[in-house]
Every structure is written in structure tokens, then in C-alpha cells.
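Asks: Shown below is the structure under consideration.
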Amino acid sequence: MALTTLQVRSSEFDERFGYETSGSFHCPYSMEKFYIGLVVFLAVGGCVGLDIFLISSFPPDLKVLIFLALALLVGFAVWLLLCFIALRLLLKGSEYYYKADEAKLTIFHGPQTQDFFYINIMDVRYEPLMLLKWQRGFVVTVVTRKGTHTFKYIYDNIHARMAPENTPFFILEDRAGLRKAADPDLYFRRMREQQTEREEVIESGKTERPIKYDERLHPDNIEIKPISEDKFIIAKGTFFSPQTLAKIILLPIAIVVCGVILAIFVNEALLSTEMILGIGYSALSILLIGIIVVCISFLISYPEYKYEADSLEFRITDPKGKCNAIYYIDVTEVKYSPLKQLGIQRGYKVEIITKYRTITYNWLFLKNRKFQKASETPFHIIEEHIEK
């Protein structure tokens, strides 16, 4: 998460030492969209410039075409990697610091400071902060007696547990008393204060309360069946799995083929004397660069699976929408083995052994966690329901 706690005193010592906590968080740059467009432009322009430079450096001979393609592939990979790193640093945002004590929360950003006294806090609202289709944080609106202030709070990892309680602005709600539990008797006390004489007589039991009957709400000959507790959802979430070996092999091949075709197109474009052919070859070159970028982004992305569990079964939905239902009564054992990439464990290979078949899933650690125990995986729910 973007929230980093530097110093905190637990509530049991607040009375003796006083409340105190501090840390940091991140907000987007004010010109973030412009910088993102600039990085994308540099990525595409750099690939085109590198293409033209390498082709002009090699002689127009088919014997060196394979070396030209490899040089283009390596050059594109290095340049796009640098652009990707620049984009990640840009999306990380600018760092803010905060310090909270008994009376106020102070936010520091460079030479600027801003104090929020708890006594002046009227409301704190949270709205999702999106990046394309992913939530990257919250748009936090702090309403005080003197004005309204807005912060765009972002997380370092879009897969982090995003909840208002994990932001430093929750301190404002907590210390201002906005999160106190409602008094259940307050509603009834106010109702009694506003009762009419007739309602007081009915409440005292001196007369019967009239029964309002509505045939639309109580139709005849309809049996009301209670909802079974077995259908209650006890767990729901998502997990990620690595790409299959076939896709890992095919994607680099596709990138190499695109690189070879790209070299041929650009070479023909430079040697062609006709302007129309040159423009056509250049357009195809840009299209192939886009295909290479899509292949690389697909290679580094992970398929997302959704799971849902109740008291009877565990359901897993793959990225294509196919649902696989696993009944606890059929499961005999759940086995875990380390899932390694480049010699480093990245997750678990989970084998769910049933009476009829063995179901296998590759489960990756959360991106903000270097290691997780097998008991922290959603498949532990299946183990807990196995009849022994």
C-alpha cells in the first residue's frame, strides 16, 4: 500500500503518552495525463527512430536481415522496458507526509503544510479513483467548517486491499467521532417524544394495535420458504495464475516474426522511390510495433480467476467465464507444491483431489506480498470443509 506508517502508539498507551502517529502516502502529479501521453509518444517515436537508425546502419542485404531483426527486437525490448519503468515511476505519484496527534492531522508536501483539526471535521467521503478499468485508490473529500479539501489517494499496488480504513484520512473520522456506533435506543426515545395521545394509549396496552392488511403483500395460498443457510456466501474474491507454457513460448515467437516482418517493411520503405509505397510500408511498420507492444503486455499480465464459496461448494470462474463447481463432499485431499519462476517461489501449484478427478490450479502470491502460507490461499476453505 502507499500508506507507510513511520511511528505509532497503540491506543492502550494513549492516555499515558498521548496519541501520536505519522507516515506517508502518494497522490498523482497535477500534470499526470500529459506525462503519460508524453511517455507513450516517446515509446512509439523511439521505436520508429530506432528502426530507421538500425536499418540505415545495415547494408540492404538479405544475408544480414536476421541480424537486423534481432537488433531491432533487442532495441525495442530495452527501450520499451525503460519507458515502462518511467511510466511506473510516474504512476507512483508524488509523496506526501502526515503527522497526527491528539488535536490535529498535519499533511506535509514539500514546503506546504495543511492542518486538519478534528473538532472542525464535518465529513470524510471516499470515491473510487480509476485508471482505465482498475481502481488505483480513492478520491477523498474532507469537509470542514472552513471549507472542502480533496485528495487523490493512490496505492503503490492496484491489487492491494483498498479500504478507507487503510488510509490516513480514517484518522480524521476516528478522532472526530464520525465512526462511532449509532445508539440503538436513540431512535425509540425520539419516537416516544413525538408520540400522539392515541399512540401512547396503544403503546401502554390499553387498546389493541390496529392491523393493516394488504392483499398485495400477503396473497393467499403462497408458502413462504426460508432461505437455506447452505446458500449463504462465506467467501468471495479473486486470484491470479501465470500464463500457460504454450503462450509463453508462442508469444516470443510472434514477437520475433513481427520483428522480421517489420525489418522487411521498413527496408522496402527506405529503398522505395514511390511515396505511396513508402507511406504504406511505414503504416504497416507502426501497426507491427503496436502488435509487439500488445504481445509484451500480454506476456507480463496474469489471468484473473474469481472464486465464490458457500457451505456446500467452492466455485471458480476462469477468465473466459467458465465456472467449475467443486463440492466439498467429493474432495478427499488438497495438496500444495511450490510454484517457482526463475528459481524463486511465486506461489503454489494446488491439486484438489476428488473422488472422480484431480483439479489443478496455479496460484500466485499477491503482488504486494513476497510470501504467503498455504493457509492464506482461498483453497484452504476447501480443506476446512473436508469430512474427516
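Labeling convention for the C-alpha cells: chains A, B, ... as they appear, residues from 1 per chain, ligands from 1 in order of appearance.
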I want to know what sits within 9 Å of Ile381 (chain A), based on only C-alpha atoms, with residues of the same chain fewer than 5 positions away left out; could you give that as number ranges by chain?
Replies: A: 235, 309, 314, 375
Asks: Mind checking which residues fall within 7 Å of region 38-49 of chain A, counting only C-alpha atoms, ignoring those fewer than 2 positions away in the same chain, and posting them as a list in words?
Replies: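 Everything that qualifies: Phe34, Tyr35, Ile36, Asp51, Ile52, Phe53, Phe76, Leu80, Cys83 and Leu87 of chain A.
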Asks: Quick one: write out the picked residues with all heavy atoms as a short mmCIF file (atom, residue, chain, number, x, y, z; two decimals), in the first residue's frame?
Replies:
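Contents of result32.cif, freshly written:
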data_model
loop_
_atom_site.label_atom_id
_atom_site.label_comp_id
_atom_site.auth_asym_id
_atom_site.auth_seq_id
_atom_site.Cartn_x
_atom_site.Cartn_y
_atom_site.Cartn_z
N PHE A 34 -0.71 14.46 -19.01
CA PHE A 34 0.22 14.97 -20.02
C PHE A 34 1.49 14.13 -20.04
O PHE A 34 1.99 13.77 -21.12
CB PHE A 34 0.55 16.43 -19.73
CG PHE A 34 1.68 16.97 -20.57
CD1 PHE A 34 1.46 17.33 -21.89
CD2 PHE A 34 2.95 17.11 -20.02
CE1 PHE A 34 2.50 17.82 -22.67
CE2 PHE A 34 4.00 17.60 -20.80
CZ PHE A 34 3.78 17.96 -22.13
N TYR A 35 2.02 13.80 -18.86
CA TYR A 35 3.24 12.99 -18.80
C TYR A 35 3.01 11.58 -19.33
O TYR A 35 3.89 11.00 -19.98
CB TYR A 35 3.76 12.94 -17.36
CG TYR A 35 4.28 14.27 -16.85
CD1 TYR A 35 3.95 14.74 -15.58
CD2 TYR A 35 5.10 15.06 -17.64
CE1 TYR A 35 4.41 15.95 -15.12
CE2 TYR A 35 5.58 16.27 -17.19
CZ TYR A 35 5.23 16.72 -15.93
OH TYR A 35 5.70 17.93 -15.48
N ILE A 36 1.83 11.01 -19.07
CA ILE A 36 1.53 9.68 -19.60
C ILE A 36 1.51 9.72 -21.13
O ILE A 36 2.08 8.84 -21.80
CB ILE A 36 0.19 9.17 -19.05
CG1 ILE A 36 0.30 8.88 -17.55
CG2 ILE A 36 -0.26 7.91 -19.78
CD1 ILE A 36 -0.99 8.47 -16.91
N ASP A 51 14.22 2.04 -35.32
CA ASP A 51 14.03 1.25 -36.53
C ASP A 51 14.77 1.88 -37.71
O ASP A 51 15.54 1.23 -38.42
CB ASP A 51 12.53 1.15 -36.81
CG ASP A 51 12.21 0.07 -37.81
OD1 ASP A 51 13.15 -0.46 -38.41
OD2 ASP A 51 11.03 -0.26 -37.97
N ILE A 52 14.53 3.17 -37.91
CA ILE A 52 15.16 3.87 -39.03
C ILE A 52 16.67 3.90 -38.87
O ILE A 52 17.43 3.70 -39.84
CB ILE A 52 14.58 5.29 -39.15
CG1 ILE A 52 13.09 5.22 -39.47
CG2 ILE A 52 15.32 6.10 -40.21
CD1 ILE A 52 12.40 6.57 -39.47
N PHE A 53 17.16 4.13 -37.66
CA PHE A 53 18.61 4.22 -37.42
C PHE A 53 19.31 2.90 -37.71
O PHE A 53 20.35 2.86 -38.38
CB PHE A 53 18.87 4.65 -35.98
CG PHE A 53 20.31 4.58 -35.58
CD1 PHE A 53 21.21 5.55 -36.02
CD2 PHE A 53 20.77 3.54 -34.78
CE1 PHE A 53 22.55 5.47 -35.65
CE2 PHE A 53 22.10 3.46 -34.41
CZ PHE A 53 22.99 4.43 -34.85
N PHE A 76 14.04 -2.68 -29.28
CA PHE A 76 12.67 -2.41 -28.85
C PHE A 76 12.45 -2.83 -27.40
O PHE A 76 11.80 -2.12 -26.62
CB PHE A 76 11.68 -3.14 -29.76
CG PHE A 76 11.57 -2.56 -31.14
CD1 PHE A 76 10.99 -3.28 -32.16
CD2 PHE A 76 12.06 -1.29 -31.40
CE1 PHE A 76 10.90 -2.75 -33.44
CE2 PHE A 76 11.98 -0.74 -32.68
CZ PHE A 76 11.40 -1.47 -33.70
N LEU A 80 11.41 -0.11 -24.66
CA LEU A 80 10.07 -0.23 -24.06
C LEU A 80 10.16 -0.52 -22.56
O LEU A 80 9.30 -0.08 -21.80
CB LEU A 80 9.27 -1.32 -24.77
CG LEU A 80 8.88 -1.00 -26.21
CD1 LEU A 80 8.17 -2.20 -26.85
CD2 LEU A 80 8.00 0.23 -26.29
N CYS A 83 10.78 2.78 -20.94
CA CYS A 83 9.53 3.56 -20.93
C CYS A 83 8.56 3.01 -19.88
O CYS A 83 7.84 3.77 -19.22
CB CYS A 83 8.89 3.54 -22.31
SG CYS A 83 9.82 4.45 -23.57
N LEU A 87 7.01 4.95 -16.75
CA LEU A 87 5.57 5.02 -16.53
C LEU A 87 5.20 4.59 -15.12
O LEU A 87 4.34 5.20 -14.47
CB LEU A 87 4.86 4.15 -17.55
CG LEU A 87 3.32 4.19 -17.55
CD1 LEU A 87 2.84 5.59 -17.88
CD2 LEU A 87 2.75 3.19 -18.54
#
Asks: So that I can see what lies close to Ile154 (chain A), please list as a VMD selection string the residues with an atom at most 10 Å from it, counting only C-alpha atoms and leaving out residues fewer than 2 positions away in the same chain.
Replies: chain A and resid 1 to 3 25 to 28 91 to 94 128 to 130 135 to 139 151 to 152 156 to 158 162 167
Asks: Write the residues you've just listed into a file as an mmCIF file, in the first residue's frame, and include C-alpha atoms for each of them.
Replies:
data_model
loop_
_atom_site.group_PDB
_atom_site.id
_atom_site.type_symbol
_atom_site.label_atom_id
_atom_site.label_comp_id
_atom_site.auth_asym_id
_atom_site.auth_seq_id
_atom_site.Cartn_x
_atom_site.Cartn_y
_atom_site.Cartn_z
ATOM 1 C CA MET A 1 0.000 0.000 0.000
ATOM 2 C CA ALA A 2 1.027 3.596 -0.404
ATOM 3 C CA LEU A 3 0.393 4.216 3.250
ATOM 4 C CA PHE A 25 1.170 8.348 1.197
ATOM 5 C CA HIS A 26 1.107 9.215 -2.507
ATOM 6 C CA CYS A 27 -1.066 11.408 -4.728
ATOM 7 C CA PRO A 28 -0.943 11.773 -8.554
ATOM 8 C CA LEU A 91 2.016 6.456 -11.778
ATOM 9 C CA LYS A 92 3.504 6.105 -8.288
ATOM 10 C CA GLY A 93 2.795 9.797 -7.792
ATOM 11 C CA SER A 94 4.171 12.439 -5.503
ATOM 12 C CA PRO A 128 -13.070 5.209 -6.338
ATOM 13 C CA LEU A 129 -10.084 6.623 -8.240
ATOM 14 C CA MET A 130 -9.859 4.670 -11.509
ATOM 15 C CA GLN A 135 -9.211 1.134 -9.143
ATOM 16 C CA ARG A 136 -5.940 2.682 -8.046
ATOM 17 C CA GLY A 137 -7.122 4.442 -4.898
ATOM 18 C CA PHE A 138 -9.690 6.904 -3.587
ATOM 19 C CA VAL A 139 -10.762 10.475 -4.237
ATOM 20 C CA PHE A 151 -7.047 14.493 -2.151
ATOM 21 C CA LYS A 152 -6.434 11.781 -4.747
ATOM 22 C CA ASP A 156 1.505 1.519 -4.933
ATOM 23 C CA ASN A 157 -0.204 -1.726 -5.909
ATOM 24 C CA ILE A 158 -3.624 -1.874 -7.591
ATOM 25 C CA MET A 162 -8.347 -0.932 -0.802
ATOM 26 C CA THR A 167 -5.867 5.378 4.509
#
Asks: Set the distance at 12 Å and use only C-alpha atoms: which residues neighbour Gln345 (chain A) once local chain neighbours fewer than 3 positions away are removed? I'd like the list as a VMD selection string.
Replies: chain A and resid 337 to 342 348 to 349 362 to 365 369 to 373
Asks: Print the selection's residues with N, CA and C atoms to a file, as a short mmCIF file (atom, residue, chain, number, x, y, z; two decimals), in the first residue's frame.
Replies:
data_model
loop_
_atom_site.label_atom_id
_atom_site.label_comp_id
_atom_site.auth_asym_id
_atom_site.auth_seq_id
_atom_site.Cartn_x
_atom_site.Cartn_y
_atom_site.Cartn_z
N SER A 337 2.24 -27.54 -3.71
CA SER A 337 3.66 -27.65 -4.05
C SER A 337 4.15 -26.30 -4.53
N PRO A 338 5.41 -25.94 -4.26
CA PRO A 338 5.90 -24.60 -4.64
C PRO A 338 5.82 -24.38 -6.15
N LEU A 339 5.39 -23.19 -6.53
CA LEU A 339 5.35 -22.76 -7.92
C LEU A 339 6.48 -21.75 -8.11
N LYS A 340 7.50 -22.15 -8.88
CA LYS A 340 8.71 -21.34 -8.99
C LYS A 340 8.83 -20.74 -10.39
N GLN A 341 9.38 -19.52 -10.42
CA GLN A 341 9.72 -18.83 -11.66
C GLN A 341 11.13 -18.29 -11.51
N LEU A 342 12.01 -18.73 -12.40
CA LEU A 342 13.44 -18.36 -12.35
C LEU A 342 14.05 -18.75 -11.01
N TYR A 348 1.82 -21.25 -5.43
CA TYR A 348 1.63 -22.68 -5.18
C TYR A 348 0.94 -23.33 -6.37
N LYS A 349 1.33 -24.57 -6.63
CA LYS A 349 0.57 -25.42 -7.52
C LYS A 349 -0.38 -26.22 -6.64
N ASN A 362 -2.79 -23.07 -10.63
CA ASN A 362 -1.57 -22.38 -10.25
C ASN A 362 -1.95 -21.05 -9.61
N TRP A 363 -1.57 -20.87 -8.37
CA TRP A 363 -1.97 -19.70 -7.58
C TRP A 363 -0.74 -18.85 -7.28
N LEU A 364 -0.79 -17.57 -7.64
CA LEU A 364 0.34 -16.65 -7.43
C LEU A 364 0.15 -15.85 -6.14
N PHE A 365 1.27 -15.54 -5.49
CA PHE A 365 1.23 -14.66 -4.33
C PHE A 365 0.65 -13.30 -4.74
N ARG A 369 2.94 -9.00 -1.66
CA ARG A 369 3.41 -9.97 -0.68
C ARG A 369 4.47 -10.86 -1.32
N LYS A 370 5.63 -10.99 -0.68
CA LYS A 370 6.68 -11.85 -1.22
C LYS A 370 6.43 -13.32 -0.92
N PHE A 371 5.72 -13.60 0.17
CA PHE A 371 5.44 -14.99 0.52
C PHE A 371 4.13 -15.05 1.28
N GLN A 372 3.38 -16.12 1.03
CA GLN A 372 2.14 -16.38 1.76
C GLN A 372 2.07 -17.87 2.09
N LYS A 373 1.53 -18.15 3.25
CA LYS A 373 1.37 -19.54 3.65
C LYS A 373 0.23 -20.19 2.87
#
Asks: Give me, please, the distance in Å between CA of Arg315 (chain A) and CA of Gln243 (chain A), quoted to one decimal.
Replies: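 According to the coordinates, CA of Arg315 (chain A) and CA of Gln243 (chain A) are separated by 21.0 Å.
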Asks: Among the residues of region 35-120 of chain A, find those DSSP assigns to strand (DSSP E) from the backbone and print them as an MDAnalysis selection string.
Replies: chainID A and resid 94:100 104:109 112:117
Asks: Can those selected residues be exported to a file as a PDB file, in the first residue's frame so that it contains C-alpha atoms?
Replies:
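Result saved to again.pdb:
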ATOM      1  CA  SER A  94       4.171  12.439  -5.503  1.00  0.00           C
ATOM      2  CA  GLU A  95       4.916  11.594  -1.881  1.00  0.00           C
ATOM      3  CA  TYR A  96       3.078  13.300   0.974  1.00  0.00           C
ATOM      4  CA  TYR A  97       3.853  13.016   4.683  1.00  0.00           C
ATOM      5  CA  TYR A  98       1.464  13.265   7.588  1.00  0.00           C
ATOM      6  CA  LYS A  99       1.654  13.524  11.362  1.00  0.00           C
ATOM      7  CA  ALA A 100      -1.261  13.165  13.750  1.00  0.00           C
ATOM      8  CA  LYS A 104      -4.982  17.592  14.596  1.00  0.00           C
ATOM      9  CA  LEU A 105      -3.684  15.819  11.493  1.00  0.00           C
ATOM     10  CA  THR A 106      -0.972  17.705   9.597  1.00  0.00           C
ATOM     11  CA  ILE A 107      -0.141  16.913   5.952  1.00  0.00           C
ATOM     12  CA  PHE A 108       3.251  17.942   4.520  1.00  0.00           C
ATOM     13  CA  HIS A 109       4.040  18.266   0.816  1.00  0.00           C
ATOM     14  CA  GLN A 112       3.491  23.327   2.151  1.00  0.00           C
ATOM     15  CA  THR A 113       1.675  22.154   5.272  1.00  0.00           C
ATOM     16  CA  GLN A 114      -2.027  21.793   5.999  1.00  0.00           C
ATOM     17  CA  ASP A 115      -3.629  21.251   9.402  1.00  0.00           C
ATOM     18  CA  PHE A 116      -6.940  19.457   9.955  1.00  0.00           C
ATOM     19  CA  PHE A 117      -8.257  19.913  13.490  1.00  0.00           C
TER      20      PHE A 117
END
Asks: Report, in Å to a single decimal, how far apart CA of Tyr327 (chain A) and CA of Glu308 (chain A) are.
Replies: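 Rounded to one decimal, the two atoms are 12.2 Å apart.
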Asks: I need the residues in region 328-374 of chain A that are helix (DSSP H, G or I) according to DSSP; give them as a list of chain:residue names.
Replies: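 In region 328-374 of chain A, DSSP puts these residues in helix (DSSP H, G or I): A:Tyr328, A:Ile329, A:Asp330, A:Ala374.
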Asks: Output N, CA, C and O atoms for every residue in that selection, as a PDB file, in the first residue's frame.
Replies:
ATOM      1  N   TYR A 328     -17.620 -29.969  -1.618  1.00  0.00           N
ATOM      2  CA  TYR A 328     -16.749 -30.386  -0.523  1.00  0.00           C
ATOM      3  C   TYR A 328     -16.883 -31.882  -0.228  1.00  0.00           C
ATOM      4  O   TYR A 328     -15.899 -32.539   0.126  1.00  0.00           O
ATOM      5  N   ILE A 329     -18.070 -32.418  -0.391  1.00  0.00           N
ATOM      6  CA  ILE A 329     -18.315 -33.819  -0.055  1.00  0.00           C
ATOM      7  C   ILE A 329     -17.531 -34.761  -0.966  1.00  0.00           C
ATOM      8  O   ILE A 329     -17.270 -35.908  -0.606  1.00  0.00           O
ATOM      9  N   ASP A 330     -17.111 -34.252  -2.164  1.00  0.00           N
ATOM     10  CA  ASP A 330     -16.369 -35.081  -3.109  1.00  0.00           C
ATOM     11  C   ASP A 330     -14.858 -34.978  -2.935  1.00  0.00           C
ATOM     12  O   ASP A 330     -14.114 -35.768  -3.510  1.00  0.00           O
ATOM     13  N   ALA A 374       0.257 -21.512   2.830  1.00  0.00           N
ATOM     14  CA  ALA A 374      -0.811 -22.241   2.138  1.00  0.00           C
ATOM     15  C   ALA A 374      -2.162 -21.988   2.804  1.00  0.00           C
ATOM     16  O   ALA A 374      -3.198 -21.997   2.135  1.00  0.00           O
TER      17      ALA A 374
END
Asks: I'd like the neighbourhood of Phe239 (chain A) as a list in words, where a residue qualifies if any of its atoms comes within 12 Å (using only C-alpha atoms), though same-chain residues fewer than 4 positions away should be ignored.
Replies: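 Final neighbour list, sorted by chain and number: His159, Tyr302, Pro303, Glu304, Tyr305, Lys306, Tyr307, Glu308, Ile316, Thr317, Asp318, Pro319, Gly347, Tyr348, Tyr361, Asn362, Trp363, Leu364, Phe365, Leu366, Lys367, Glu376, Thr377, Pro378 and Phe379 of chain A.
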Asks: Which residue, A:Ala176, A:Ile326, A:Pro168, A:His380, has the smallest gap to Thr354 (chain A) when you use only C-alpha atoms?
Replies: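 Answer, going by the shortest atom-to-atom distance: A:Ile326.
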